[in-house]
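Asks: Handing you a structure now.
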Amino acid sequence: MHGPTLVSWLLALLTATAGAYCLSRLRHAPCAATAPGSRLAHPPLARESDAAEALMGLGMAAMAVTGATVPAAVWACLFGLPATVFLVAALHAPAGRAHRLHHAVGALAMTYMGLAMTASPGGGHHHATALGTPLLTGTLLLYFGGYSLWAGARLLRTPAGTLVLGTTGLPRACRLAMGIGMFAMLLTM
């Protein structure tokens with residue numbers, strides 16, 4: 001990622017915090033299979049979501065700090081494979097289809113940004129160098145900008161018109177933070 005160093009580190013802090021929170025949710029929440037009927041049971045789709053969001057948050061933090069010092073093959077493996085898995089899962093499993101498609105788009109966007117950064121001369125840290133395809137970058141900007149607005153509105157209000165607080169609000173806040181982080185990273189391309 002190119003841009004001011006302070007912005008890169010703040011973005012890394014934001015996304016690493018969100019990724020670490022998702023990782024802690026994944027680690028500390030009991031699986032639905034081991035605790036049937038429990039109010040604390042963590043359904044398999046929620047566990048999958050937490051795992052994907054932890055990978056995305058921590059990967060975005062690494063990308064914001066290291067930029068193009070990581071080889072293109074690493075970005076392709078780290079995010080290209082999960083993108084394929086989420087896309088196939090979304091096409092074949094009706095439960096959670098939209099959420100899996102969102103994770104597939106996020107993983108593909110991370111792959112795209114990583115490959116664009118490593119392919120640019122100078123490692124993607126020069127402002128004069130345009131990275132990636134403007135049409136694809138613009139489409140992803142629209143998607144993640146819209147997603148961030150939707151997630152923010154969803155975080156603030158429930159259908160009953162009350163403010164979302166507590167345990168349901170934190171995962172939504174993490175999703176919002178990662179949507180904003182993805183938008184910011186795409187904006188610097």
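Residues are named by chain letter and number: chains run A, B, ... in the order of the structure tokens, numbers start at 1 in each chain, and ligands are numbered from 1 in the order shown.
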Would you pick out the contacts of Pro134 in chain A at 12 Å or less, using only C-alpha atoms, so that residues sharing its chain but fewer than 6 positions from it are not included, and give the list as a list in words?

Replies: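 Counting only C-alpha atoms, the residues come to Tyr112, Met113, Ala116, Leu140, Leu141, Leu186, Leu187, Thr188 and Met189 of chain A.
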
Asks: Hey, what's within 10 Å of Met178 in chain A if we count only C-alpha atoms and toss same-chain stuff fewer than 2 positions away? As a list of chain:residue names, please?

Replies: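 Contacts, with the query itself left out: A:Leu11, A:Leu14, A:Thr15, A:Ala16, A:Thr17, A:Ala18, A:Gly19, A:Glu53, A:Ala54, A:Met56, A:Gly57, A:Met60, A:Gly106, A:Phe144, A:Ser148, A:Arg172, A:Ala173, A:Cys174, A:Arg175, A:Leu176, A:Ile180, A:Gly181, A:Met182, A:Phe183, A:Ala184.
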
Asks: Could you check the closest approach to Ala177 in chain A for each of A:Ala12, A:Met117, A:Ser49, A:Pro4 and tell me which residue wins, using only C-alpha atoms?

Replies: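 That would be A:Ala12, the residue with the smallest distance to Ala177 in chain A.
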
Asks: Need the shell around Ala104 in chain A: protein/DNA/RNA residues with any atom at most 10 Å away, counting only C-alpha atoms. Skip same-chain ones fewer than 4 positions apart. Format as a list in words?

Replies: Ala52, Phe79, Gly80, Leu81, Pro82, Ala83, Thr84, Val85, Phe86, Leu87, Val88, Ala89, Ala90, Ala98, His99, Arg100, Leu108, Ala109 and Met110 of chain A

Asks: Please dump the current selection as a compact mmCIF listing (two decimals), in the first residue's frame; keep all heavy atoms.

Replies:
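Saved the output as part02.txt:
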```txt
# COMPACT_ATOMS: atom_id res chain seq x y z
N ALA A 52 -12.84 -16.54 8.25
CA ALA A 52 -12.59 -15.73 7.05
C ALA A 52 -12.25 -14.29 7.42
O ALA A 52 -11.33 -13.69 6.86
CB ALA A 52 -13.81 -15.77 6.14
N PHE A 79 -4.71 -15.63 -0.31
CA PHE A 79 -6.07 -15.14 -0.52
C PHE A 79 -6.76 -15.74 -1.73
O PHE A 79 -7.98 -15.80 -1.78
CB PHE A 79 -6.07 -13.61 -0.61
CG PHE A 79 -5.64 -12.98 0.66
CD1 PHE A 79 -4.39 -12.41 0.78
CD2 PHE A 79 -6.48 -12.98 1.76
CE1 PHE A 79 -3.99 -11.85 1.98
CE2 PHE A 79 -6.08 -12.42 2.96
CZ PHE A 79 -4.83 -11.85 3.06
N GLY A 80 -6.01 -16.19 -2.72
CA GLY A 80 -6.63 -16.78 -3.90
C GLY A 80 -7.32 -18.10 -3.60
O GLY A 80 -8.43 -18.36 -4.06
N LEU A 81 -6.69 -18.93 -2.79
CA LEU A 81 -7.29 -20.21 -2.42
C LEU A 81 -8.57 -20.02 -1.59
O LEU A 81 -9.60 -20.61 -1.93
CB LEU A 81 -6.27 -21.08 -1.67
CG LEU A 81 -6.74 -22.46 -1.26
CD1 LEU A 81 -7.11 -23.29 -2.49
CD2 LEU A 81 -5.67 -23.17 -0.45
N PRO A 82 -8.56 -19.19 -0.53
CA PRO A 82 -9.82 -18.97 0.19
C PRO A 82 -10.90 -18.36 -0.70
O PRO A 82 -12.08 -18.68 -0.55
CB PRO A 82 -9.44 -18.00 1.31
CG PRO A 82 -8.00 -18.22 1.53
CD PRO A 82 -7.44 -18.56 0.17
N ALA A 83 -10.52 -17.49 -1.63
CA ALA A 83 -11.51 -16.90 -2.53
C ALA A 83 -12.21 -17.98 -3.33
O ALA A 83 -13.44 -17.98 -3.48
CB ALA A 83 -10.84 -15.90 -3.47
N THR A 84 -11.43 -18.93 -3.83
CA THR A 84 -12.00 -20.04 -4.60
C THR A 84 -12.91 -20.89 -3.73
O THR A 84 -14.02 -21.26 -4.15
CB THR A 84 -10.86 -20.89 -5.19
OG1 THR A 84 -10.00 -20.05 -5.93
CG2 THR A 84 -11.40 -21.98 -6.07
N VAL A 85 -12.47 -21.18 -2.51
CA VAL A 85 -13.27 -22.01 -1.60
C VAL A 85 -14.60 -21.33 -1.28
O VAL A 85 -15.66 -21.95 -1.32
CB VAL A 85 -12.48 -22.32 -0.31
CG1 VAL A 85 -13.38 -22.93 0.75
CG2 VAL A 85 -11.31 -23.23 -0.61
N PHE A 86 -14.57 -20.03 -0.96
CA PHE A 86 -15.81 -19.31 -0.64
C PHE A 86 -16.73 -19.22 -1.84
O PHE A 86 -17.95 -19.31 -1.71
CB PHE A 86 -15.52 -17.91 -0.10
CG PHE A 86 -14.99 -17.92 1.29
CD1 PHE A 86 -13.79 -17.34 1.60
CD2 PHE A 86 -15.70 -18.53 2.33
CE1 PHE A 86 -13.29 -17.35 2.88
CE2 PHE A 86 -15.21 -18.56 3.61
CZ PHE A 86 -14.00 -17.95 3.90
N LEU A 87 -16.16 -19.01 -3.02
CA LEU A 87 -16.98 -18.93 -4.22
C LEU A 87 -17.67 -20.26 -4.51
O LEU A 87 -18.87 -20.30 -4.77
CB LEU A 87 -16.11 -18.50 -5.40
CG LEU A 87 -16.81 -18.04 -6.65
CD1 LEU A 87 -17.77 -16.91 -6.37
CD2 LEU A 87 -15.79 -17.62 -7.69
N VAL A 88 -16.93 -21.35 -4.41
CA VAL A 88 -17.52 -22.67 -4.64
C VAL A 88 -18.57 -22.97 -3.58
O VAL A 88 -19.66 -23.46 -3.88
CB VAL A 88 -16.42 -23.76 -4.67
CG1 VAL A 88 -17.01 -25.16 -4.61
CG2 VAL A 88 -15.56 -23.59 -5.91
N ALA A 89 -18.27 -22.64 -2.31
CA ALA A 89 -19.24 -22.88 -1.23
C ALA A 89 -20.50 -22.05 -1.43
O ALA A 89 -21.61 -22.52 -1.18
CB ALA A 89 -18.61 -22.56 0.12
N ALA A 90 -20.35 -20.83 -1.91
CA ALA A 90 -21.52 -19.98 -2.13
C ALA A 90 -22.39 -20.51 -3.26
O ALA A 90 -23.62 -20.42 -3.21
CB ALA A 90 -21.08 -18.55 -2.45
N ALA A 98 -24.93 -15.27 0.47
CA ALA A 98 -24.52 -13.87 0.31
C ALA A 98 -23.26 -13.57 1.11
O ALA A 98 -22.36 -12.88 0.64
CB ALA A 98 -25.65 -12.94 0.72
N HIS A 99 -23.20 -14.12 2.33
CA HIS A 99 -22.03 -13.87 3.17
C HIS A 99 -20.79 -14.52 2.57
O HIS A 99 -19.70 -13.95 2.60
CB HIS A 99 -22.30 -14.36 4.59
CG HIS A 99 -21.53 -13.64 5.62
ND1 HIS A 99 -21.67 -12.29 5.84
CD2 HIS A 99 -20.59 -14.06 6.50
CE1 HIS A 99 -20.85 -11.91 6.80
NE2 HIS A 99 -20.18 -12.97 7.22
N ARG A 100 -20.94 -15.72 2.03
CA ARG A 100 -19.81 -16.39 1.40
C ARG A 100 -19.37 -15.65 0.14
O ARG A 100 -18.17 -15.57 -0.15
CB ARG A 100 -20.16 -17.83 1.08
CG ARG A 100 -20.21 -18.71 2.31
CD ARG A 100 -20.57 -20.12 1.98
NE ARG A 100 -20.49 -20.97 3.14
CZ ARG A 100 -21.34 -21.94 3.40
NH1 ARG A 100 -22.34 -22.19 2.57
NH2 ARG A 100 -21.20 -22.67 4.49
N LEU A 108 -10.75 -12.16 -3.21
CA LEU A 108 -10.30 -11.83 -4.56
C LEU A 108 -9.72 -10.42 -4.61
O LEU A 108 -8.73 -10.17 -5.30
CB LEU A 108 -11.45 -11.98 -5.55
CG LEU A 108 -11.85 -13.41 -5.87
CD1 LEU A 108 -13.15 -13.45 -6.68
CD2 LEU A 108 -10.74 -14.13 -6.60
N ALA A 109 -10.33 -9.48 -3.89
CA ALA A 109 -9.81 -8.11 -3.84
C ALA A 109 -8.43 -8.09 -3.20
O ALA A 109 -7.53 -7.36 -3.66
CB ALA A 109 -10.76 -7.20 -3.08
N MET A 110 -8.23 -8.88 -2.14
CA MET A 110 -6.92 -8.94 -1.51
C MET A 110 -5.89 -9.54 -2.46
O MET A 110 -4.75 -9.06 -2.54
CB MET A 110 -7.00 -9.77 -0.22
CG MET A 110 -7.76 -9.10 0.89
SD MET A 110 -6.95 -7.66 1.56
CE MET A 110 -5.57 -8.42 2.38
```

Asks: Would you work out the distance separating CA of Thr111 in chain A from CA of Tyr143 in chain A, expressed in Å to one decimal?

Replies: 15.9 Å
